[in-house]
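Everything below belongs to query-v3.txt, which stores compact mmCIF, C-alpha atoms and all ligand atoms.
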```txt
# COMPACT_ATOMS: atom_id res chain seq x y z
CA MET C 1 -11.34 13.18 -15.14
CA THR C 2 -9.24 16.21 -16.02
CA ASP C 3 -5.53 16.43 -15.22
CA SER C 4 -6.33 18.56 -12.22
CA ARG C 5 -9.02 16.33 -10.72
CA LYS C 6 -8.13 12.66 -10.68
CA HIS C 7 -10.05 9.55 -9.73
CA ILE C 8 -7.82 7.92 -7.13
CA LEU C 9 -8.59 4.45 -5.85
CA VAL C 10 -7.03 3.36 -2.56
CA THR C 11 -7.15 -0.18 -1.18
CA GLY C 12 -6.99 -0.60 2.58
CA ALA C 13 -8.18 2.93 3.33
CA SER C 14 -9.82 2.06 6.66
CA SER C 15 -6.64 2.61 8.68
CA GLY C 16 -3.08 3.88 8.77
CA ILE C 17 -1.31 4.76 5.54
CA GLY C 18 -4.34 4.18 3.28
CA ALA C 19 -6.51 6.46 5.42
CA ALA C 20 -3.78 9.14 5.39
CA ILE C 21 -3.46 8.95 1.60
CA ALA C 22 -7.24 9.28 1.30
CA GLU C 23 -7.33 12.27 3.63
CA GLN C 24 -4.55 14.08 1.79
CA GLN C 25 -5.89 13.40 -1.70
CA ALA C 26 -9.39 14.46 -0.65
CA ALA C 27 -7.90 17.75 0.57
CA ARG C 28 -6.26 18.12 -2.87
CA GLY C 29 -9.77 18.01 -4.40
CA HIS C 30 -9.44 14.62 -6.06
CA VAL C 31 -12.27 12.11 -6.41
CA LEU C 32 -11.72 9.00 -4.32
CA SER C 33 -12.83 5.40 -4.32
CA LEU C 34 -11.90 3.71 -1.08
CA GLY C 35 -12.10 0.06 -0.16
CA ALA C 36 -11.47 -2.20 2.82
CA ARG C 37 -13.23 -4.98 4.69
CA ARG C 38 -14.19 -2.70 7.61
CA THR C 39 -16.40 -0.33 5.67
CA ASP C 40 -17.47 1.46 8.87
CA ARG C 41 -13.87 2.66 9.20
CA LEU C 42 -13.58 4.13 5.69
CA PRO C 43 -13.31 7.93 5.75
CA SER C 44 -16.31 9.72 4.28
CA GLY C 45 -16.19 12.94 2.28
CA GLU C 46 -17.84 15.00 -0.40
CA ARG C 47 -16.20 13.35 -3.42
CA THR C 48 -15.49 10.05 -1.71
CA PHE C 49 -17.03 6.72 -2.70
CA CYS C 50 -16.68 3.91 -0.18
CA HIS C 51 -17.30 0.24 -0.83
CA ALA C 52 -16.47 -3.11 0.74
CA LEU C 53 -13.30 -4.70 -0.58
CA ASP C 54 -11.43 -7.85 0.25
CA VAL C 55 -8.42 -7.90 -2.07
CA THR C 56 -7.99 -11.65 -1.57
CA ASP C 57 -11.44 -12.34 -3.03
CA GLU C 58 -11.72 -11.88 -6.80
CA ALA C 59 -15.51 -11.47 -6.69
CA SER C 60 -15.11 -8.70 -4.12
CA VAL C 61 -12.41 -7.01 -6.23
CA GLU C 62 -14.67 -7.10 -9.30
CA ALA C 63 -17.69 -5.76 -7.40
CA PHE C 64 -15.60 -2.98 -5.89
CA LEU C 65 -14.06 -1.93 -9.20
CA ALA C 66 -17.39 -2.02 -11.04
CA ALA C 67 -19.01 0.14 -8.36
CA ALA C 68 -16.06 2.57 -8.26
CA VAL C 69 -16.04 3.07 -12.04
CA ALA C 70 -19.84 3.47 -12.06
CA ALA C 71 -19.57 6.10 -9.32
CA ASN C 72 -16.47 8.01 -10.43
CA GLY C 73 -15.53 6.98 -13.98
CA PRO C 74 -12.19 5.58 -15.20
CA ILE C 75 -9.46 5.16 -12.60
CA ASP C 76 -6.53 7.54 -12.94
CA VAL C 77 -4.50 6.31 -9.97
CA LEU C 78 -4.57 2.91 -8.30
CA VAL C 79 -2.90 2.80 -4.90
CA ASN C 80 -2.25 -0.81 -3.88
CA ASN C 81 -1.90 -0.18 -0.17
CA ALA C 82 -3.88 -2.99 1.52
CA GLY C 83 -1.48 -5.34 3.25
CA LEU C 84 -0.43 -6.96 6.47
CA ALA C 85 2.15 -8.90 8.40
CA ARG C 86 0.83 -11.68 10.61
CA GLY C 87 2.97 -13.31 13.28
CA THR C 88 6.69 -13.38 14.01
CA GLU C 89 7.26 -17.14 14.00
CA THR C 90 10.45 -18.55 12.60
CA MET C 91 10.13 -20.80 9.60
CA ALA C 92 10.70 -23.82 11.84
CA ASP C 93 7.83 -22.81 14.15
CA ALA C 94 5.26 -21.59 11.62
CA ASP C 95 2.16 -23.58 10.66
CA GLY C 96 1.74 -21.88 7.27
CA VAL C 97 -1.70 -20.33 7.87
CA ALA C 98 -0.37 -16.79 8.27
CA TRP C 99 1.93 -17.27 5.28
CA ARG C 100 -1.07 -17.93 3.07
CA GLU C 101 -2.89 -14.88 4.47
CA MET C 102 0.10 -12.61 3.78
CA ILE C 103 0.72 -14.00 0.30
CA GLU C 104 -2.99 -13.85 -0.59
CA THR C 105 -3.26 -10.25 0.64
CA ASN C 106 0.08 -8.66 -0.19
CA VAL C 107 0.83 -10.42 -3.46
CA MET C 108 -2.34 -11.93 -4.92
CA GLY C 109 -4.36 -8.90 -3.75
CA VAL C 110 -2.06 -6.55 -5.66
CA LEU C 111 -2.27 -8.77 -8.74
CA HIS C 112 -6.07 -9.14 -8.56
CA MET C 113 -6.44 -5.35 -8.46
CA THR C 114 -3.75 -4.38 -10.94
CA ARG C 115 -4.62 -6.73 -13.78
CA ARG C 116 -8.18 -5.42 -13.81
CA VAL C 117 -7.27 -1.73 -13.70
CA VAL C 118 -4.30 -1.53 -16.08
CA PRO C 119 -6.06 -2.42 -19.37
CA SER C 120 -8.20 0.71 -19.27
CA MET C 121 -5.13 2.82 -18.43
CA ILE C 122 -3.29 1.38 -21.44
CA GLU C 123 -6.30 2.11 -23.64
CA ARG C 124 -6.46 5.71 -22.40
CA ARG C 125 -2.65 6.02 -22.54
CA ALA C 126 -2.73 7.53 -19.04
CA GLY C 127 -2.75 6.30 -15.50
CA HIS C 128 -0.60 5.52 -12.50
CA VAL C 129 -0.18 2.40 -10.37
CA VAL C 130 1.33 2.99 -6.94
CA MET C 131 2.45 0.10 -4.76
CA ILE C 132 3.08 0.38 -1.04
CA GLY C 133 6.02 -1.96 -0.56
CA SER C 134 8.32 -1.91 2.46
CA ILE C 135 11.91 -1.63 3.56
CA ALA C 136 11.32 -5.30 4.42
CA GLY C 137 11.25 -6.09 0.71
CA ARG C 138 14.79 -4.76 0.33
CA LEU C 139 16.39 -5.83 3.62
CA PRO C 140 14.85 -9.05 4.92
CA TYR C 141 15.06 -9.88 8.62
CA GLU C 142 14.65 -12.93 10.84
CA ASN C 143 11.14 -13.97 11.95
CA GLY C 144 9.66 -12.23 8.95
CA SER C 145 10.66 -14.28 5.93
CA VAL C 146 7.26 -14.47 4.28
CA TYR C 147 6.25 -10.86 4.96
CA CYS C 148 9.64 -9.73 3.59
CA ALA C 149 9.19 -12.03 0.59
CA THR C 150 5.74 -10.59 -0.17
CA LYS C 151 7.15 -7.07 -0.17
CA ALA C 152 10.11 -8.12 -2.34
CA SER C 153 7.48 -9.57 -4.69
CA VAL C 154 5.61 -6.27 -4.80
CA ARG C 155 8.82 -4.54 -5.78
CA VAL C 156 9.61 -7.05 -8.51
CA ILE C 157 6.03 -7.01 -9.81
CA ALA C 158 6.27 -3.22 -10.10
CA GLN C 159 9.61 -3.43 -11.92
CA SER C 160 8.23 -5.95 -14.38
CA LEU C 161 4.98 -4.01 -14.85
CA ARG C 162 6.96 -0.85 -15.62
CA GLN C 163 8.72 -2.73 -18.40
CA GLU C 164 5.43 -4.06 -19.77
CA LEU C 165 3.93 -0.57 -19.75
CA PHE C 166 6.88 1.03 -21.51
CA GLY C 167 5.54 3.26 -24.28
CA THR C 168 2.01 3.52 -22.88
CA ASN C 169 2.45 6.62 -20.67
CA VAL C 170 1.16 4.61 -17.70
CA ARG C 171 3.31 5.20 -14.63
CA VAL C 172 4.38 2.73 -11.94
CA THR C 173 5.77 3.76 -8.56
CA THR C 174 6.75 1.80 -5.47
CA VAL C 175 6.91 3.52 -2.08
CA ASP C 176 8.88 1.47 0.48
CA PRO C 177 8.45 2.81 4.02
CA GLY C 178 10.36 1.84 7.13
CA LEU C 179 8.68 1.78 10.54
CA VAL C 180 5.35 3.65 10.47
CA GLU C 181 3.12 3.93 13.54
CA THR C 182 -0.23 2.49 12.43
CA GLU C 183 -2.33 -0.56 13.31
CA PHE C 184 0.21 -2.65 11.39
CA SER C 185 1.93 -3.85 14.56
CA LEU C 186 -1.38 -4.67 16.28
CA VAL C 187 -2.27 -6.86 13.32
CA ARG C 188 1.19 -8.47 13.24
CA PHE C 189 0.95 -9.32 16.96
CA ARG C 190 -2.61 -10.64 16.55
CA GLY C 191 -4.27 -7.94 18.66
CA ASP C 192 -1.79 -7.99 21.58
CA ALA C 193 -1.60 -4.25 22.32
CA GLU C 194 1.36 -4.54 24.70
CA LYS C 195 3.55 -6.37 22.19
CA ALA C 196 2.35 -4.08 19.43
CA LYS C 197 3.73 -1.01 21.23
CA VAL C 198 7.28 -2.36 21.43
CA PRO C 199 8.52 -1.53 17.89
CA TYR C 200 7.54 2.11 18.40
CA GLU C 201 9.00 2.52 21.91
CA ASN C 202 11.73 5.10 22.53
CA THR C 203 12.07 5.93 18.87
CA ARG C 204 10.45 8.22 16.34
CA PRO C 205 8.65 6.18 13.72
CA LEU C 206 7.21 7.66 10.55
CA HIS C 207 3.66 8.95 10.65
CA ALA C 208 1.20 7.61 8.08
CA ALA C 209 1.05 11.17 6.71
CA ASP C 210 4.78 11.02 5.89
CA VAL C 211 4.13 8.09 3.58
CA ALA C 212 1.08 9.83 2.14
CA ASP C 213 3.41 12.75 1.30
CA CYS C 214 5.60 10.38 -0.77
CA VAL C 215 2.58 9.09 -2.67
CA ASP C 216 1.40 12.65 -3.18
CA PHE C 217 4.79 13.63 -4.59
CA ALA C 218 4.82 10.73 -7.04
CA ILE C 219 1.30 11.23 -8.33
CA SER C 220 1.53 15.00 -8.59
CA ARG C 221 4.58 15.00 -10.91
CA PRO C 222 3.95 16.14 -14.49
CA PRO C 223 2.60 13.27 -16.65
CA HIS C 224 5.97 12.64 -18.34
CA VAL C 225 7.75 12.02 -15.01
CA ASN C 226 7.83 8.55 -13.44
CA ILE C 227 9.08 8.17 -9.88
CA ASP C 228 10.21 4.54 -9.95
CA ASP C 229 10.63 4.01 -6.25
CA LEU C 230 11.11 5.73 -2.96
CA LEU C 231 12.60 4.29 0.23
CA VAL C 232 11.62 6.34 3.27
CA THR C 233 12.53 6.02 6.95
CA THR C 234 12.88 8.40 9.86
CA THR C 235 16.32 9.56 10.91
CA ASP C 236 16.00 6.99 13.73
CA GLN C 237 16.12 4.06 11.33
CA VAL C 238 18.74 2.78 8.88
CA SER C 239 17.51 -0.80 8.44
CA PRO C 240 14.57 -2.90 9.68
CA THR C 241 16.62 -4.04 12.67
CA ARG C 242 18.78 -0.95 13.26
CA VAL C 243 16.52 1.52 15.00
CA TYR C 244 17.84 4.27 17.27
CA ARG C 245 16.18 4.08 20.69
CA GLY C 246 17.67 7.01 22.53
P1 LIG R 301 -2.88 -0.84 8.98
O1 LIG R 301 -3.06 -2.17 9.64
O2 LIG R 301 -3.10 0.38 9.79
O3 LIG R 301 -3.76 -0.77 7.65
C1 LIG R 301 -3.84 -1.86 6.78
C2 LIG R 301 -4.99 -1.64 5.83
O4 LIG R 301 -5.04 -2.75 4.92
C3 LIG R 301 -6.32 -1.58 6.54
O5 LIG R 301 -7.10 -0.55 5.99
C4 LIG R 301 -6.95 -2.93 6.24
O6 LIG R 301 -8.37 -2.80 6.13
C5 LIG R 301 -6.37 -3.20 4.85
N1 LIG R 301 -6.46 -4.61 4.49
C6 LIG R 301 -5.84 -5.67 5.07
N2 LIG R 301 -6.23 -6.81 4.48
C7 LIG R 301 -7.12 -6.45 3.51
C8 LIG R 301 -7.89 -7.18 2.57
N3 LIG R 301 -7.84 -8.53 2.50
N4 LIG R 301 -8.69 -6.51 1.72
C9 LIG R 301 -8.77 -5.15 1.77
N5 LIG R 301 -8.08 -4.41 2.66
C10 LIG R 301 -7.27 -5.07 3.52
O7 LIG R 301 -1.37 -0.87 8.43
P2 LIG R 301 -0.56 0.18 7.53
O8 LIG R 301 -1.37 1.36 7.20
O9 LIG R 301 0.75 0.37 8.19
O10 LIG R 301 -0.32 -0.72 6.23
C11 LIG R 301 -0.59 -0.27 4.92
C12 LIG R 301 0.46 -0.84 3.98
O11 LIG R 301 1.73 -0.33 4.35
C13 LIG R 301 0.60 -2.37 4.04
O12 LIG R 301 0.76 -2.86 2.73
C14 LIG R 301 1.87 -2.57 4.85
O13 LIG R 301 2.50 -3.78 4.55
C15 LIG R 301 2.67 -1.38 4.41
N6 LIG R 301 3.77 -0.97 5.27
C16 LIG R 301 3.55 -0.64 6.58
C17 LIG R 301 4.61 -0.24 7.37
C18 LIG R 301 4.46 0.07 8.83
O14 LIG R 301 5.48 0.08 9.56
N7 LIG R 301 3.27 0.36 9.32
C19 LIG R 301 5.97 -0.10 6.81
C20 LIG R 301 6.08 -0.49 5.44
C21 LIG R 301 5.01 -0.88 4.69
P3 LIG R 301 -9.45 -3.84 6.69
O15 LIG R 301 -8.81 -4.62 7.81
O16 LIG R 301 -10.58 -2.96 7.12
O17 LIG R 301 -9.79 -4.68 5.49
C1 LIG R 302 6.72 -2.80 7.81
C2 LIG R 302 8.03 -2.33 8.33
O1 LIG R 302 10.28 -3.20 9.24
O2 LIG R 302 8.24 -4.02 10.30
O3 LIG R 302 6.81 -3.19 6.49
O4 LIG R 302 8.87 -4.79 8.12
S1 LIG R 302 8.90 -3.66 9.02
```

Let's see the structure in the file written out as structure tokens.
Amino acid sequence: MTDSRKHILVTGASSGIGAAIAEQQAARGHVLSLGARRTDRLPSGERTFCHALDVTDEASVEAFLAAAVAANGPIDVLVNNAGLARGTETMADADGVAWREMIETNVMGVLHMTRRVVPSMIERRAGHVVMIGSIAGRLPYENGSVYCATKASVRVIAQSLRQELFGTNVRVTTVDPGLVETEFSLVRFRGDAEKAKVPYENTRPLHAADVADCVDFAISRPPHVNIDDLLVTTTDQVSPTRVYRG
């Protein structure tokens, strides 16, 4: 790919932030490879390659990456967006099943993807890894210990990776959003639409497109500029638990 047209790979592009990133980067004229488990929900487009992806399954990750590279060539930008929170149990009440799902998706999924993509970036002395973290990784809250821990892990993995990639020209960025209105809450509350609405009631959450704007800013900087991390909330939020509900 040339500097002007990049091959951008987005995990979890079937919904929310990933879908918004895909839409915006498609409009910029970039070539996209999009993955998620619900392939019927992946956005289609002229220069868009869609393929099944379960980031928790190494065979699926390998099949997805092989197909993406065959379709679109070397990956210029990897956006590790796929992720979820499941449940709001306290540690004392949890059975551990959702913990494993969150750790496998949010941490192992990022690692499965990144370790397979970075070697070719190092070889080409160009590339960009973007992580979608969360405000939860910086300011943990009750009833969310494992989700918060997974997002703190993403942040630390990015910091360490940036050190490892020092001198290679490969960039690493973390974008940590606050409350964004997506299907995130529906997933966290296990499909209970009434409970899922509550976090967004009487407040102005971010739109997925606002987060896509942050990713767009980071990846469109000149090649010598690395945006290390961005924390983004609406003016109605100053911490995970301090949300203005006027
Ligand atoms: P959505 O639920 O709307 O989207 C999540 C995406 O992740 C879906 O496309 C889903 O696709 C994908 N996904 C989940 N598990 C897997 C898997 N095993 N393999 C591949 N894809 C998977 O939520 P958001 O858009 O809000 O979430 C995107 C990211 O943003 C997550 O990492 C989340 O933690 C983070 N975030 C969200 C915030 C919010 O308030 N919404 C705030 C801060 C961070 P499918 O189910 O089809 O596989
Ligand atoms: C999602 C935002 O505050 O619900 O990461 O954890 S929060």

Step by step, measure atom-to-atom distances between ligand LIG 301 (chain R) and each residue using all atoms listed in the file, keep those at most 8 Å, then write them as a tab-separated table (two decimals) with C-alpha atoms, keeping the file's coordinate frame.
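Writing the result to result36.tsv gives the following:
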```tsv
chain	number	residue	atom	x	y	z
C	11	THR	CA	-7.15	-0.18	-1.18
C	12	GLY	CA	-6.99	-0.60	2.58
C	13	ALA	CA	-8.18	2.93	3.33
C	14	SER	CA	-9.82	2.06	6.66
C	15	SER	CA	-6.64	2.61	8.68
C	16	GLY	CA	-3.08	3.88	8.77
C	17	ILE	CA	-1.31	4.76	5.54
C	18	GLY	CA	-4.34	4.18	3.28
C	19	ALA	CA	-6.51	6.46	5.42
C	35	GLY	CA	-12.10	0.06	-0.16
C	36	ALA	CA	-11.47	-2.20	2.82
C	37	ARG	CA	-13.23	-4.98	4.69
C	38	ARG	CA	-14.19	-2.70	7.61
C	39	THR	CA	-16.40	-0.33	5.67
C	41	ARG	CA	-13.87	2.66	9.20
C	42	LEU	CA	-13.58	4.13	5.69
C	53	LEU	CA	-13.30	-4.70	-0.58
C	54	ASP	CA	-11.43	-7.85	0.25
C	55	VAL	CA	-8.42	-7.90	-2.07
C	56	THR	CA	-7.99	-11.65	-1.57
C	57	ASP	CA	-11.44	-12.34	-3.03
C	80	ASN	CA	-2.25	-0.81	-3.88
C	81	ASN	CA	-1.90	-0.18	-0.17
C	82	ALA	CA	-3.88	-2.99	1.52
C	83	GLY	CA	-1.48	-5.34	3.25
C	84	LEU	CA	-0.43	-6.96	6.47
C	85	ALA	CA	2.15	-8.90	8.40
C	104	GLU	CA	-2.99	-13.85	-0.59
C	105	THR	CA	-3.26	-10.25	0.64
C	106	ASN	CA	0.08	-8.66	-0.19
C	109	GLY	CA	-4.36	-8.90	-3.75
C	132	ILE	CA	3.08	0.38	-1.04
C	133	GLY	CA	6.02	-1.96	-0.56
C	134	SER	CA	8.32	-1.91	2.46
C	135	ILE	CA	11.91	-1.63	3.56
C	136	ALA	CA	11.32	-5.30	4.42
C	151	LYS	CA	7.15	-7.07	-0.17
C	176	ASP	CA	8.88	1.47	0.48
C	177	PRO	CA	8.45	2.81	4.02
C	178	GLY	CA	10.36	1.84	7.13
C	179	LEU	CA	8.68	1.78	10.54
C	180	VAL	CA	5.35	3.65	10.47
C	181	GLU	CA	3.12	3.93	13.54
C	182	THR	CA	-0.23	2.49	12.43
C	183	GLU	CA	-2.33	-0.56	13.31
C	184	PHE	CA	0.21	-2.65	11.39
C	185	SER	CA	1.93	-3.85	14.56
C	186	LEU	CA	-1.38	-4.67	16.28
C	187	VAL	CA	-2.27	-6.86	13.32
C	206	LEU	CA	7.21	7.66	10.55
C	208	ALA	CA	1.20	7.61	8.08
```

Counting only C-alpha atoms, the residue among C:Leu78, C:Ile122, C:Val232, C:Ala196 that lies closest to C:Thr173 is C:Leu78

* Asked: Got a sec to check which residues sit within 10 Å of (6.5, -3.7, -5.5), counting only C-alpha atoms, and write them as a PyMOL selection string?
  -> chain C and resi 80+106-107+110+130-134+137+150-161+172-176+229

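Proximity of C:Arg188, C:Arg100, C:Arg5, C:Arg124 to ligand LIG 302 (chain R), computed with all atoms listed in the file, is greatest for C:Arg188.
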
Residue with the minimum atom-to-atom distance to ligand LIG 302 (chain R), picked from C:His51, C:Arg115, C:Arg86, C:His7 with only C-alpha atoms and all ligand atoms counted, is C:Arg86

Of C:Ser4, C:Asp216, C:Pro43, C:Asn72, the one sitting nearest C:Val31 when using only C-alpha atoms is C:Asn72

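Residues lying within 9 Å of C:Pro223, counting all atoms listed in the file and ignoring same-chain neighbours fewer than 5 positions away, are Asp3, Ala126, Gly127, Asn169, Val170 and Arg171 of chain C.
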
Please, what distance in Å, to one decimal, runs between atom CA of C:His112 and atom CA of C:Leu65?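 Between these atoms lies a distance of 10.8 Å.
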
Rank nothing, just name the residue among C:Gln25, C:Ser33, C:Asn143, C:Thr168 nearest to ligand LIG 302 (chain R), using only C-alpha atoms and all ligand atoms.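 Checking each candidate against ligand LIG 302 (chain R), we get C:Asn143 as the closest.
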
Open item on the list: Report as a list in words all protein, DNA and RNA residues lying within 12 Å of C:Val69, evaluated on all atoms listed in the file, omitting residues in the same chain fewer than 2 positions from it.
Closed with: Met1, His7, Ile8, Leu9, Val31, Leu32, Ser33, Leu34, Phe49, Cys50, His51, Glu62, Ala63, Phe64, Leu65, Ala66, Ala67, Ala71, Asn72, Gly73, Pro74, Ile75, Asp76, Arg116, Val117 and Ser120 of chain C

Of C:Thr114, C:Thr234, C:Gln163, C:Thr48, the one sitting nearest ligand LIG 302 (chain R) when using all atoms listed in the file is C:Thr234

**Prompt:** How far is it from atom CA of C:Met102 to atom CA of C:Glu164, in Å with one decimal?
**Reply:**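 Atom CA of C:Met102 sits 25.6 Å away from atom CA of C:Glu164.
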
Can you pull stretch 31-105 of chain C out of that block with C-alpha atoms and hand it back as an mmCIF file, in the first residue's frame?
```cif
data_model
loop_
_atom_site.group_PDB
_atom_site.id
_atom_site.type_symbol
_atom_site.label_atom_id
_atom_site.label_comp_id
_atom_site.auth_asym_id
_atom_site.auth_seq_id
_atom_site.Cartn_x
_atom_site.Cartn_y
_atom_site.Cartn_z
ATOM 1 C CA VAL C 31 -8.582 -0.668 2.038
ATOM 2 C CA LEU C 32 -10.211 -2.555 4.889
ATOM 3 C CA SER C 33 -10.164 -6.038 6.322
ATOM 4 C CA LEU C 34 -12.944 -6.489 8.839
ATOM 5 C CA GLY C 35 -13.568 -9.357 11.199
ATOM 6 C CA ALA C 36 -16.114 -10.453 13.791
ATOM 7 C CA ARG C 37 -18.099 -13.554 14.671
ATOM 8 C CA ARG C 38 -21.347 -12.143 13.216
ATOM 9 C CA THR C 39 -20.185 -11.863 9.625
ATOM 10 C CA ASP C 40 -23.692 -10.884 8.464
ATOM 11 C CA ARG C 41 -23.269 -7.666 10.458
ATOM 12 C CA LEU C 42 -19.928 -6.639 8.927
ATOM 13 C CA PRO C 43 -20.239 -3.527 6.748
ATOM 14 C CA SER C 44 -19.674 -4.158 3.058
ATOM 15 C CA GLY C 45 -17.988 -1.759 0.655
ATOM 16 C CA GLU C 46 -15.956 -1.428 -2.493
ATOM 17 C CA ARG C 47 -12.505 -1.932 -0.950
ATOM 18 C CA THR C 48 -13.713 -3.886 2.050
ATOM 19 C CA PHE C 49 -12.833 -7.515 2.762
ATOM 20 C CA CYS C 50 -14.955 -9.262 5.383
ATOM 21 C CA HIS C 51 -14.159 -12.542 7.073
ATOM 22 C CA ALA C 52 -15.200 -14.479 10.163
ATOM 23 C CA LEU C 53 -13.037 -13.829 13.199
ATOM 24 C CA ASP C 54 -13.133 -15.020 16.764
ATOM 25 C CA VAL C 55 -10.175 -13.361 18.485
ATOM 26 C CA THR C 56 -10.238 -15.955 21.274
ATOM 27 C CA ASP C 57 -9.578 -18.776 18.803
ATOM 28 C CA GLU C 58 -6.036 -18.915 17.427
ATOM 29 C CA ALA C 59 -7.066 -20.969 14.379
ATOM 30 C CA SER C 60 -9.701 -18.362 13.541
ATOM 31 C CA VAL C 61 -7.159 -15.536 13.989
ATOM 32 C CA GLU C 62 -4.716 -17.287 11.647
ATOM 33 C CA ALA C 63 -7.378 -17.983 9.012
ATOM 34 C CA PHE C 64 -8.588 -14.393 9.167
ATOM 35 C CA LEU C 65 -5.110 -12.891 8.874
ATOM 36 C CA ALA C 66 -4.095 -15.207 6.029
ATOM 37 C CA ALA C 67 -7.258 -14.329 4.104
ATOM 38 C CA ALA C 68 -6.868 -10.585 4.785
ATOM 39 C CA VAL C 69 -3.249 -10.516 3.595
ATOM 40 C CA ALA C 70 -4.151 -12.590 0.515
ATOM 41 C CA ALA C 71 -6.963 -10.150 -0.289
ATOM 42 C CA ASN C 72 -5.328 -6.821 0.551
ATOM 43 C CA GLY C 73 -1.582 -7.330 1.058
ATOM 44 C CA PRO C 74 0.507 -6.412 4.132
ATOM 45 C CA ILE C 75 -1.333 -4.812 7.028
ATOM 46 C CA ASP C 76 -0.522 -1.159 7.630
ATOM 47 C CA VAL C 77 -2.813 -0.580 10.611
ATOM 48 C CA LEU C 78 -4.152 -3.117 13.083
ATOM 49 C CA VAL C 79 -7.047 -1.854 15.189
ATOM 50 C CA ASN C 80 -7.573 -4.154 18.181
ATOM 51 C CA ASN C 81 -11.139 -3.138 18.915
ATOM 52 C CA ALA C 82 -13.006 -6.407 19.610
ATOM 53 C CA GLY C 83 -13.913 -6.573 23.268
ATOM 54 C CA LEU C 84 -16.645 -6.890 25.822
ATOM 55 C CA ALA C 85 -17.742 -6.611 29.412
ATOM 56 C CA ARG C 86 -19.955 -9.400 30.700
ATOM 57 C CA GLY C 87 -21.901 -9.090 33.937
ATOM 58 C CA THR C 88 -21.728 -6.747 36.910
ATOM 59 C CA GLU C 89 -21.265 -9.293 39.695
ATOM 60 C CA THR C 90 -19.042 -8.499 42.620
ATOM 61 C CA MET C 91 -16.019 -10.701 43.092
ATOM 62 C CA ALA C 92 -17.802 -12.484 45.936
ATOM 63 C CA ASP C 93 -20.793 -13.314 43.718
ATOM 64 C CA ALA C 94 -19.057 -14.197 40.445
ATOM 65 C CA ASP C 95 -18.682 -17.769 39.170
ATOM 66 C CA GLY C 96 -15.647 -16.999 37.000
ATOM 67 C CA VAL C 97 -17.171 -17.913 33.612
ATOM 68 C CA ALA C 98 -17.542 -14.307 32.466
ATOM 69 C CA TRP C 99 -14.061 -13.488 33.774
ATOM 70 C CA ARG C 100 -12.575 -16.070 31.447
ATOM 71 C CA GLU C 101 -14.617 -14.733 28.504
ATOM 72 C CA MET C 102 -13.439 -11.160 29.142
ATOM 73 C CA ILE C 103 -9.808 -12.131 29.653
ATOM 74 C CA GLU C 104 -9.823 -14.424 26.597
ATOM 75 C CA THR C 105 -11.385 -11.707 24.419
#
```
